[in-house]
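J.: For reference, this is coords.txt, and it has compact mmCIF, C-alpha atoms.
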```txt
# COMPACT_ATOMS: atom_id res chain seq x y z
CA MET A 643 14.43 -17.29 2.72
CA ASP A 644 12.30 -14.93 4.82
CA LEU A 645 14.12 -15.79 8.06
CA VAL A 646 17.66 -16.26 6.75
CA GLU A 647 19.14 -13.38 8.75
CA ILE A 648 18.10 -14.98 12.05
CA LYS A 649 20.38 -17.82 13.21
CA ASP A 650 18.63 -19.28 16.25
CA PRO A 651 15.74 -21.57 15.16
CA VAL A 652 13.65 -20.60 18.18
CA GLU A 653 14.07 -16.92 17.38
CA LYS A 654 13.16 -17.63 13.74
CA TYR A 655 9.86 -19.07 14.91
CA GLU A 656 9.25 -16.21 17.34
CA ALA A 657 9.95 -13.64 14.61
CA MET A 658 7.26 -15.28 12.51
CA THR A 659 4.88 -15.24 15.46
CA ARG A 660 5.52 -11.54 16.06
CA VAL A 661 4.49 -10.76 12.47
CA ALA A 662 1.25 -12.68 12.99
CA GLN A 663 0.59 -10.86 16.24
CA ALA A 664 1.29 -7.48 14.62
CA ALA A 665 -1.31 -8.27 11.95
CA ASP A 666 -3.68 -9.59 14.62
CA SER A 667 -3.65 -6.19 16.33
CA GLY A 668 -4.52 -4.35 13.12
CA PRO A 669 -7.32 -4.39 10.53
CA TRP A 670 -6.06 -7.43 8.61
CA ASP A 671 -8.52 -10.25 8.04
CA SER A 672 -6.01 -13.10 7.72
CA ILE A 673 -2.43 -14.32 7.73
CA TRP A 674 -1.11 -16.95 5.32
CA VAL A 675 1.66 -19.53 5.25
CA PHE A 676 3.22 -21.57 2.44
CA ASP A 677 3.07 -25.37 2.36
CA HIS A 678 6.69 -26.19 1.60
CA PHE A 679 9.21 -28.43 3.32
CA HIS A 680 12.22 -26.51 2.06
CA THR A 681 12.85 -23.21 0.32
CA VAL A 682 11.53 -22.15 -3.07
CA PRO A 683 12.29 -21.65 -5.90
CA THR A 684 15.54 -23.50 -5.15
CA PRO A 685 16.27 -25.81 -2.20
CA GLU A 686 18.66 -24.20 0.29
CA MET A 687 19.96 -25.39 3.64
CA GLU A 688 17.73 -22.93 5.46
CA ALA A 689 14.85 -23.19 7.93
CA THR A 690 11.37 -23.91 6.57
CA PHE A 691 8.66 -24.75 9.11
CA GLU A 692 5.90 -27.23 8.34
CA CYS A 693 2.67 -25.63 7.18
CA TRP A 694 0.00 -27.20 9.41
CA THR A 695 2.17 -27.02 12.52
CA ILE A 696 2.58 -23.29 11.85
CA THR A 697 -1.15 -22.90 11.29
CA SER A 698 -2.04 -24.56 14.58
CA THR A 699 0.52 -22.69 16.68
CA LEU A 700 -0.25 -19.30 15.14
CA ALA A 701 -3.90 -19.98 15.85
CA ARG A 702 -3.05 -20.22 19.55
CA ASP A 703 -0.68 -17.23 19.47
CA THR A 704 -3.29 -14.88 18.01
CA ARG A 705 -6.78 -13.83 19.12
CA ARG A 706 -9.00 -12.90 16.18
CA ILE A 707 -7.20 -13.11 12.85
CA LYS A 708 -7.87 -15.99 10.47
CA ILE A 709 -5.08 -18.32 9.34
CA GLY A 710 -4.76 -19.89 5.90
CA GLN A 711 -2.37 -21.82 3.68
CA MET A 712 -1.70 -20.67 0.15
CA VAL A 713 -1.91 -23.48 -0.57
CA GLY A 714 -1.80 -26.91 1.02
CA CYS A 715 -0.22 -29.48 -1.31
CA ASN A 716 -2.59 -32.39 -1.83
CA GLY A 717 0.24 -34.82 -2.55
CA TYR A 718 1.83 -34.35 0.87
CA ARG A 719 -1.08 -35.64 2.96
CA ASN A 720 -3.77 -38.21 2.45
CA PRO A 721 -6.97 -36.16 1.96
CA ALA A 722 -8.78 -37.90 4.83
CA LEU A 723 -5.87 -36.96 7.10
CA TYR A 724 -5.95 -33.42 5.70
CA ALA A 725 -9.64 -33.16 6.58
CA LYS A 726 -8.96 -34.42 10.11
CA ILE A 727 -6.07 -31.99 10.63
CA ALA A 728 -8.13 -29.07 9.34
CA SER A 729 -11.10 -29.97 11.53
CA THR A 730 -8.84 -30.05 14.58
CA VAL A 731 -7.23 -26.70 13.75
CA ASP A 732 -10.62 -25.12 13.14
CA VAL A 733 -11.61 -26.06 16.69
CA ALA A 734 -8.25 -25.03 18.17
CA SER A 735 -8.55 -21.63 16.47
CA HIS A 736 -12.17 -21.17 17.61
CA GLY A 737 -13.29 -21.14 13.97
CA ARG A 738 -10.57 -19.04 12.36
CA LEU A 739 -9.28 -21.49 9.74
CA TYR A 740 -9.07 -20.91 6.00
CA ALA A 741 -8.18 -24.36 4.63
CA GLY A 742 -6.11 -24.02 1.46
CA ILE A 743 -5.59 -26.87 -1.00
CA GLY A 744 -3.91 -27.27 -4.39
CA ALA A 745 -2.58 -30.01 -6.65
CA GLY A 746 1.12 -29.29 -5.98
CA TRP A 747 3.94 -28.41 -8.36
CA TYR A 748 7.40 -28.38 -6.70
CA GLU A 749 9.02 -31.46 -8.24
CA HIS A 750 12.27 -31.37 -6.27
CA GLU A 751 10.39 -31.27 -2.99
CA TRP A 752 8.02 -34.09 -3.95
CA ARG A 753 10.92 -36.36 -4.88
CA ALA A 754 13.13 -35.33 -1.95
CA TYR A 755 10.45 -36.39 0.53
CA GLY A 756 9.65 -39.65 -1.23
CA TYR A 757 6.32 -38.77 -2.83
CA GLY A 758 7.49 -39.36 -6.39
CA PHE A 759 6.14 -36.87 -8.89
CA PRO A 760 3.12 -38.09 -10.88
CA GLU A 761 2.40 -36.59 -14.27
CA LEU A 762 0.18 -33.51 -14.23
CA LYS A 763 -2.86 -35.45 -15.43
CA GLU A 764 -2.52 -37.88 -12.53
CA ARG A 765 -1.90 -35.12 -9.97
CA MET A 766 -5.04 -33.37 -11.13
CA SER A 767 -7.03 -36.61 -10.92
CA MET A 768 -5.74 -37.07 -7.35
CA PHE A 769 -6.69 -33.48 -6.56
CA LYS A 770 -10.20 -33.97 -7.89
CA GLU A 771 -10.78 -37.02 -5.68
CA ALA A 772 -9.23 -35.28 -2.67
CA CYS A 773 -11.58 -32.30 -2.83
CA GLU A 774 -14.60 -34.60 -2.71
CA ILE A 775 -13.18 -36.65 0.17
CA ILE A 776 -12.38 -33.55 2.21
CA HIS A 777 -15.85 -32.16 1.66
CA ARG A 778 -17.46 -35.47 2.61
CA MET A 779 -15.32 -35.76 5.75
CA TRP A 780 -16.54 -32.31 6.79
CA SER A 781 -20.21 -32.81 5.97
CA GLU A 782 -21.14 -36.49 6.42
CA ASP A 783 -21.11 -38.73 9.48
CA TYR A 784 -19.95 -41.95 7.81
CA PRO A 785 -18.65 -40.98 4.36
CA SER A 786 -17.61 -43.53 1.79
CA PHE A 787 -15.60 -43.00 -1.36
CA LYS A 788 -13.78 -45.35 -3.71
CA GLY A 789 -11.70 -43.68 -6.37
CA THR A 790 -8.69 -44.47 -8.49
CA HIS A 791 -6.24 -42.92 -6.03
CA TYR A 792 -8.01 -42.71 -2.67
CA GLN A 793 -10.61 -44.67 -0.74
CA ILE A 794 -12.38 -44.02 2.55
CA ASP A 795 -14.68 -46.46 4.33
CA ARG A 796 -16.98 -44.75 6.83
CA PRO A 797 -14.32 -42.82 8.81
CA ILE A 798 -15.42 -40.92 11.89
CA ASN A 799 -14.29 -37.30 11.88
CA GLU A 800 -15.40 -35.71 15.12
CA PRO A 801 -15.46 -32.85 15.68
CA LYS A 802 -15.81 -31.79 12.07
CA GLY A 803 -14.89 -28.22 12.95
CA VAL A 804 -16.50 -25.10 14.37
CA GLN A 805 -17.46 -23.09 11.28
CA LYS A 806 -20.75 -23.90 9.62
CA PRO A 807 -21.44 -25.65 7.41
CA HIS A 808 -17.72 -26.51 7.48
CA PRO A 809 -14.30 -24.79 7.38
CA PRO A 810 -13.99 -22.74 4.17
CA LEU A 811 -12.06 -24.59 1.47
CA TRP A 812 -9.74 -22.27 -0.51
CA ILE A 813 -8.68 -23.86 -3.80
CA GLY A 814 -5.55 -22.46 -5.42
CA GLY A 815 -4.91 -22.40 -9.17
CA GLY A 816 -6.51 -21.20 -12.35
CA GLY A 817 -6.73 -24.33 -14.50
CA GLU A 818 -9.87 -23.91 -16.56
CA ARG A 819 -10.82 -27.54 -17.19
CA VAL A 820 -10.22 -29.03 -13.72
CA THR A 821 -9.30 -26.56 -10.97
CA LEU A 822 -11.95 -23.92 -11.61
CA LYS A 823 -14.54 -26.64 -12.06
CA LEU A 824 -13.55 -27.97 -8.63
CA VAL A 825 -13.93 -24.47 -7.20
CA ALA A 826 -17.46 -24.31 -8.60
CA LYS A 827 -18.35 -27.69 -7.11
CA TRP A 828 -16.49 -27.80 -3.79
CA GLY A 829 -14.70 -24.52 -3.13
CA ASP A 830 -15.65 -21.62 -0.89
CA ALA A 831 -12.85 -19.46 -2.31
CA CYS A 832 -10.34 -19.50 -5.14
CA ASN A 833 -6.90 -17.98 -5.58
CA ILE A 834 -5.99 -16.98 -9.13
CA GLY A 835 -2.75 -15.37 -10.25
CA GLY A 836 -1.91 -13.22 -13.24
CA GLU A 837 -2.56 -9.83 -14.72
CA PRO A 838 -6.07 -8.29 -14.64
CA ASP A 839 -7.06 -9.40 -18.14
CA ALA A 840 -6.07 -13.01 -17.39
CA ILE A 841 -7.93 -12.90 -14.08
CA ARG A 842 -11.04 -11.49 -15.75
CA HIS A 843 -10.96 -14.36 -18.24
CA LYS A 844 -10.47 -16.99 -15.54
CA LEU A 845 -13.33 -15.63 -13.47
CA GLY A 846 -15.52 -15.72 -16.54
CA VAL A 847 -14.71 -19.42 -16.86
CA LEU A 848 -15.48 -19.90 -13.17
CA ARG A 849 -18.83 -18.18 -13.61
CA ARG A 850 -19.74 -20.60 -16.41
CA HIS A 851 -18.70 -23.59 -14.29
CA CYS A 852 -20.89 -22.25 -11.49
CA GLN A 853 -23.83 -22.05 -13.86
CA ASP A 854 -23.26 -25.65 -14.94
CA ALA A 855 -23.00 -26.76 -11.30
CA GLU A 856 -26.03 -24.67 -10.27
CA ARG A 857 -23.80 -22.82 -7.82
CA ASN A 858 -24.12 -19.16 -6.89
CA TYR A 859 -20.98 -17.50 -8.26
CA GLU A 860 -21.28 -14.69 -5.70
CA ASP A 861 -20.94 -17.17 -2.84
CA ILE A 862 -17.31 -17.84 -3.81
CA VAL A 863 -14.51 -15.53 -2.63
CA LYS A 864 -12.29 -14.53 -5.53
CA SER A 865 -8.73 -13.87 -4.33
CA THR A 866 -5.35 -13.11 -5.79
CA SER A 867 -1.89 -12.45 -4.36
CA LEU A 868 0.31 -9.40 -4.79
CA ASN A 869 3.87 -8.75 -3.60
CA VAL A 870 4.13 -5.19 -2.29
CA TYR A 871 6.60 -2.95 -0.51
CA PRO A 872 4.96 0.31 0.62
CA ILE A 873 7.28 3.31 1.01
CA GLU A 874 6.70 6.90 2.09
CA SER A 875 5.57 9.39 -0.51
CA GLY A 876 8.62 11.08 -2.03
CA ALA A 877 11.07 8.48 -0.70
CA ASP A 878 13.83 7.18 -2.94
CA PRO A 879 12.70 3.62 -3.85
CA GLU A 880 16.18 2.17 -4.14
CA ARG A 881 17.24 3.51 -0.75
CA ALA A 882 13.94 2.64 0.93
CA THR A 883 14.13 -0.99 -0.17
CA ALA A 884 17.82 -1.56 0.61
CA ARG A 885 17.14 -3.45 3.84
CA ALA A 886 14.44 -5.65 2.34
CA ARG A 887 16.24 -6.65 -0.85
CA GLY A 888 19.67 -7.35 0.63
CA SER A 889 22.09 -8.26 -2.17
CA MET A 890 19.37 -8.21 -4.84
CA SER A 891 19.52 -5.31 -7.27
CA TYR A 892 16.69 -2.83 -7.13
CA THR A 893 15.76 -3.67 -10.73
CA ASP A 894 15.35 -7.38 -9.92
CA PHE A 895 13.48 -6.58 -6.71
CA ALA A 896 11.07 -4.20 -8.45
CA ASN A 897 10.38 -6.83 -11.12
CA GLN A 898 9.01 -9.10 -8.40
CA VAL A 899 7.49 -6.61 -5.97
CA THR A 900 5.28 -3.54 -6.42
CA VAL A 901 7.29 -0.76 -4.77
CA GLY A 902 5.70 2.62 -4.20
CA ASP A 903 3.67 4.90 -2.00
CA ALA A 904 0.02 4.29 -1.18
CA GLY A 905 -1.19 5.81 -4.44
CA ALA A 906 1.11 3.68 -6.57
CA ILE A 907 0.03 0.51 -4.82
CA ARG A 908 -3.63 1.50 -5.11
CA ASP A 909 -3.10 1.92 -8.85
CA LYS A 910 -1.82 -1.66 -8.97
CA ILE A 911 -4.70 -3.04 -6.89
CA GLU A 912 -7.66 -1.26 -8.50
CA PRO A 913 -7.41 -3.09 -11.86
CA LEU A 914 -7.52 -6.37 -9.94
CA LEU A 915 -10.74 -5.27 -8.24
CA GLU A 916 -12.20 -4.20 -11.55
CA ALA A 917 -11.34 -7.64 -12.95
CA GLY A 918 -13.50 -9.23 -10.25
CA ILE A 919 -11.13 -9.84 -7.35
CA ASP A 920 -12.67 -9.23 -3.92
CA TYR A 921 -9.91 -10.52 -1.63
CA LEU A 922 -6.24 -9.55 -1.71
CA ILE A 923 -3.41 -11.51 -0.12
CA THR A 924 -0.26 -9.42 0.16
CA TYR A 925 3.33 -10.51 0.63
CA ILE A 926 5.75 -7.97 2.09
CA PRO A 927 9.45 -8.91 1.80
CA ALA A 928 11.54 -8.87 4.98
CA VAL A 929 8.54 -8.19 7.21
CA ALA A 930 10.07 -10.56 9.78
CA TYR A 931 12.75 -7.96 10.44
CA ASP A 932 10.76 -4.77 10.03
CA HIS A 933 7.02 -4.32 10.67
CA GLU A 934 6.94 -0.74 9.41
CA PRO A 935 5.85 -1.61 5.83
CA LEU A 936 3.04 -3.76 7.24
CA HIS A 937 1.74 -0.87 9.32
CA ARG A 938 2.20 1.55 6.41
CA PHE A 939 0.04 -0.69 4.22
CA GLU A 940 -2.73 -0.88 6.79
CA ALA A 941 -2.63 2.86 7.55
CA ASP A 942 -2.12 4.29 4.05
CA VAL A 943 -3.12 1.71 1.42
CA MET A 944 -6.16 0.01 2.94
CA PRO A 945 -8.23 3.21 3.24
CA LEU A 946 -7.58 4.03 -0.43
CA VAL A 947 -8.79 0.67 -1.77
CA THR A 948 -11.85 0.31 0.46
CA GLN A 949 -13.53 3.60 -0.43
CA PRO A 950 -17.26 3.47 -1.31
CA LYS A 951 -16.50 4.14 -4.99
CA GLN A 952 -15.10 0.63 -5.27
CA THR A 953 -17.43 -2.11 -6.43
CA ALA A 954 -15.41 -4.80 -4.67
CA GLN A 955 -14.25 -5.15 -1.12
CA VAL A 956 -10.65 -5.82 -0.26
CA ARG A 957 -10.11 -7.87 2.85
CA SER A 958 -6.41 -8.17 3.53
```
Starting from the coordinates I provided, produce the structure as structure tokens.
T.:
Amino acid sequence: MDLVEIKDPVEKYEAMTRVAQAADSGPWDSIWVFDHFHTVPTPEMEATFECWTITSTLARDTRRIKIGQMVGCNGYRNPALYAKIASTVDVASHGRLYAGIGAGWYEHEWRAYGYGFPELKERMSMFKEACEIIHRMWSEDYPSFKGTHYQIDRPINEPKGVQKPHPPLWIGGGGERVTLKLVAKWGDACNIGGEPDAIRHKLGVLRRHCQDAERNYEDIVKSTSLNVYPIESGADPERATARARGSMSYTDFANQVTVGDAGAIRDKIEPLLEAGIDYLITYIPAVAYDHEPLHRFEADVMPLVTQPKQTAQVRS
């Protein structure tokens, strides 16, 4: 519902582009889009633009910033097609793609678009095969694969992309038996949610999977996501968030979003760094209408969480 206040569909798209361009002119490393066909957590009759179309157009509307998907739903695209799309966007962006992938979860959306909704065990089995196919499509000239769910027979994927050895594959989810094992085998980055203690545990599991796979744990980017709304020091939080939260009560808003000045947000981020996170993806409500919180984050928060005393680096 990020664009609900804008009626014209063209202006909705341009508002989104302006946010990307504002980030592109600042110190941000990347911008991220969701892979959904309609709104979450409930389906509403409101605009939702397709993930890979957004990725490709934002790549051409920006100059230096990277573009990722948190995360691409494996069930919505054949993995060989996914690999081809990602390779194309990596070239179109001059090597600025972060390719996100996950097993998928939004049952209503799956069924609405005719994909059915396999049981979790089957979705995870599909996801496992897809990660291998994508990696092969990016790294082999005539890959072959015959699995339970997917098969490829020597497809030609040229160009494979610009980044070497291939576009980075960001795998979303914290499942300990399948997802984190896939990160250790195929992923260049992971995205894990939860509180610091849960993240610390998950990263410990990932480290063990890396040992089993003879993979260097340090080569994998460890990311998490955090909803934030930076306000000026001394500002009244309820008044400062009125525009962003609309009809939502401040209590409900603050339960979903970290509201506060730079110090308060730093205090929320630092435990994540101490748990092992080295990449932070932030979501700022209503940024399509007001870029001020985005600029406040980059001016006030970023310097506090990238000081030399930190053992981890935050790239936002």
J.: Mind pulling up the distance from atom CA of Leu914 of chain A to atom CA of His808 of chain A?
T.: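 It comes out at 28.5 Å.
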J.: Which residue is closest to Met768 of chain A? Choose from A:Asp732, A:His750, A:Tyr718, A:Pro785 and count all atoms listed in the file.
T.: A:Tyr718
J.: Would you pick out the contacts of Arg702 of chain A at 12 Å or less, using only C-alpha atoms, so that residues sharing its chain but fewer than 6 positions from it are not included, and give the list as a PyMOL selection string?
T.: chain A and resi 659+662-663+666+695-696+708-709+731-739
J.: Closest to Arg881 of chain A among A:Ile841, A:Ala855, A:Ile648, A:Val901, using all atoms listed in the file?
T.: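 Selected residue with least distance to Arg881 of chain A: A:Val901.
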J.: Show me, as a list of chain:residue names, the residues that have an atom within 7 Å of Ala917 of chain A when counting all atoms listed in the file, minus same-chain residues fewer than 6 positions from it.
T.: A:Pro838, A:Asp839, A:Ile841, A:Arg842
J.: Can you pull out every residue within 12 Å of Asp932 of chain A, counting all atoms listed in the file, but drop anything in the same chain fewer than 4 positions away, and send it as a list in words?
T.: Asp644, Leu645, Ala657, Met658, Arg660, Val661, Ala664, Tyr871, Thr883, Arg885, Ala886, Ile926, Pro927, Ala928, Leu936, His937 and Arg938 of chain A
J.: Counting only C-alpha atoms, figure out which residue out of A:Val682, A:Ala701, A:Cys773, A:Ile673 gets nearest to Pro721 of chain A.
T.: A:Cys773
J.: Need a file for segment 751-763 of chain A from that block: N, CA and C atoms, written as a PDB file, in the first residue's frame.
T.:
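decode-v8.pdb written:
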```
ATOM      1  N   GLU A 751      -1.872 -15.396  -3.170  1.00  0.00           N
ATOM      2  CA  GLU A 751      -1.280 -14.934  -4.424  1.00  0.00           C
ATOM      3  C   GLU A 751      -0.945 -16.110  -5.345  1.00  0.00           C
ATOM      4  N   TRP A 752      -0.354 -17.155  -4.793  1.00  0.00           N
ATOM      5  CA  TRP A 752      -0.050 -18.349  -5.587  1.00  0.00           C
ATOM      6  C   TRP A 752      -1.324 -18.851  -6.266  1.00  0.00           C
ATOM      7  N   ARG A 753      -2.377 -19.028  -5.497  1.00  0.00           N
ATOM      8  CA  ARG A 753      -3.610 -19.604  -6.033  1.00  0.00           C
ATOM      9  C   ARG A 753      -4.302 -18.645  -6.992  1.00  0.00           C
ATOM     10  N   ALA A 754      -4.288 -17.348  -6.671  1.00  0.00           N
ATOM     11  CA  ALA A 754      -4.950 -16.363  -7.525  1.00  0.00           C
ATOM     12  C   ALA A 754      -4.360 -16.347  -8.926  1.00  0.00           C
ATOM     13  N   TYR A 755      -3.060 -16.570  -9.033  1.00  0.00           N
ATOM     14  CA  TYR A 755      -2.387 -16.520 -10.332  1.00  0.00           C
ATOM     15  C   TYR A 755      -2.203 -17.902 -10.964  1.00  0.00           C
ATOM     16  N   GLY A 756      -2.840 -18.909 -10.377  1.00  0.00           N
ATOM     17  CA  GLY A 756      -2.880 -20.214 -11.013  1.00  0.00           C
ATOM     18  C   GLY A 756      -1.681 -21.100 -10.783  1.00  0.00           C
ATOM     19  N   TYR A 757      -0.886 -20.819  -9.744  1.00  0.00           N
ATOM     20  CA  TYR A 757       0.287 -21.637  -9.468  1.00  0.00           C
ATOM     21  C   TYR A 757      -0.002 -22.773  -8.491  1.00  0.00           C
ATOM     22  N   GLY A 758      -1.254 -22.878  -8.017  1.00  0.00           N
ATOM     23  CA  GLY A 758      -1.517 -23.823  -6.950  1.00  0.00           C
ATOM     24  C   GLY A 758      -0.808 -23.373  -5.688  1.00  0.00           C
ATOM     25  N   PHE A 759      -0.657 -24.271  -4.744  1.00  0.00           N
ATOM     26  CA  PHE A 759       0.149 -23.961  -3.556  1.00  0.00           C
ATOM     27  C   PHE A 759       0.646 -25.269  -2.969  1.00  0.00           C
ATOM     28  N   PRO A 760       1.786 -25.775  -3.469  1.00  0.00           N
ATOM     29  CA  PRO A 760       2.321 -27.038  -2.974  1.00  0.00           C
ATOM     30  C   PRO A 760       2.601 -26.979  -1.480  1.00  0.00           C
ATOM     31  N   GLU A 761       2.586 -28.139  -0.851  1.00  0.00           N
ATOM     32  CA  GLU A 761       2.958 -28.228   0.552  1.00  0.00           C
ATOM     33  C   GLU A 761       4.385 -27.722   0.741  1.00  0.00           C
ATOM     34  N   LEU A 762       4.693 -27.294   1.964  1.00  0.00           N
ATOM     35  CA  LEU A 762       5.996 -26.692   2.245  1.00  0.00           C
ATOM     36  C   LEU A 762       7.137 -27.613   1.823  1.00  0.00           C
ATOM     37  N   LYS A 763       7.025 -28.893   2.112  1.00  0.00           N
ATOM     38  CA  LYS A 763       8.092 -29.830   1.760  1.00  0.00           C
ATOM     39  C   LYS A 763       8.359 -29.810   0.257  1.00  0.00           C
TER      40      LYS A 763
END
```
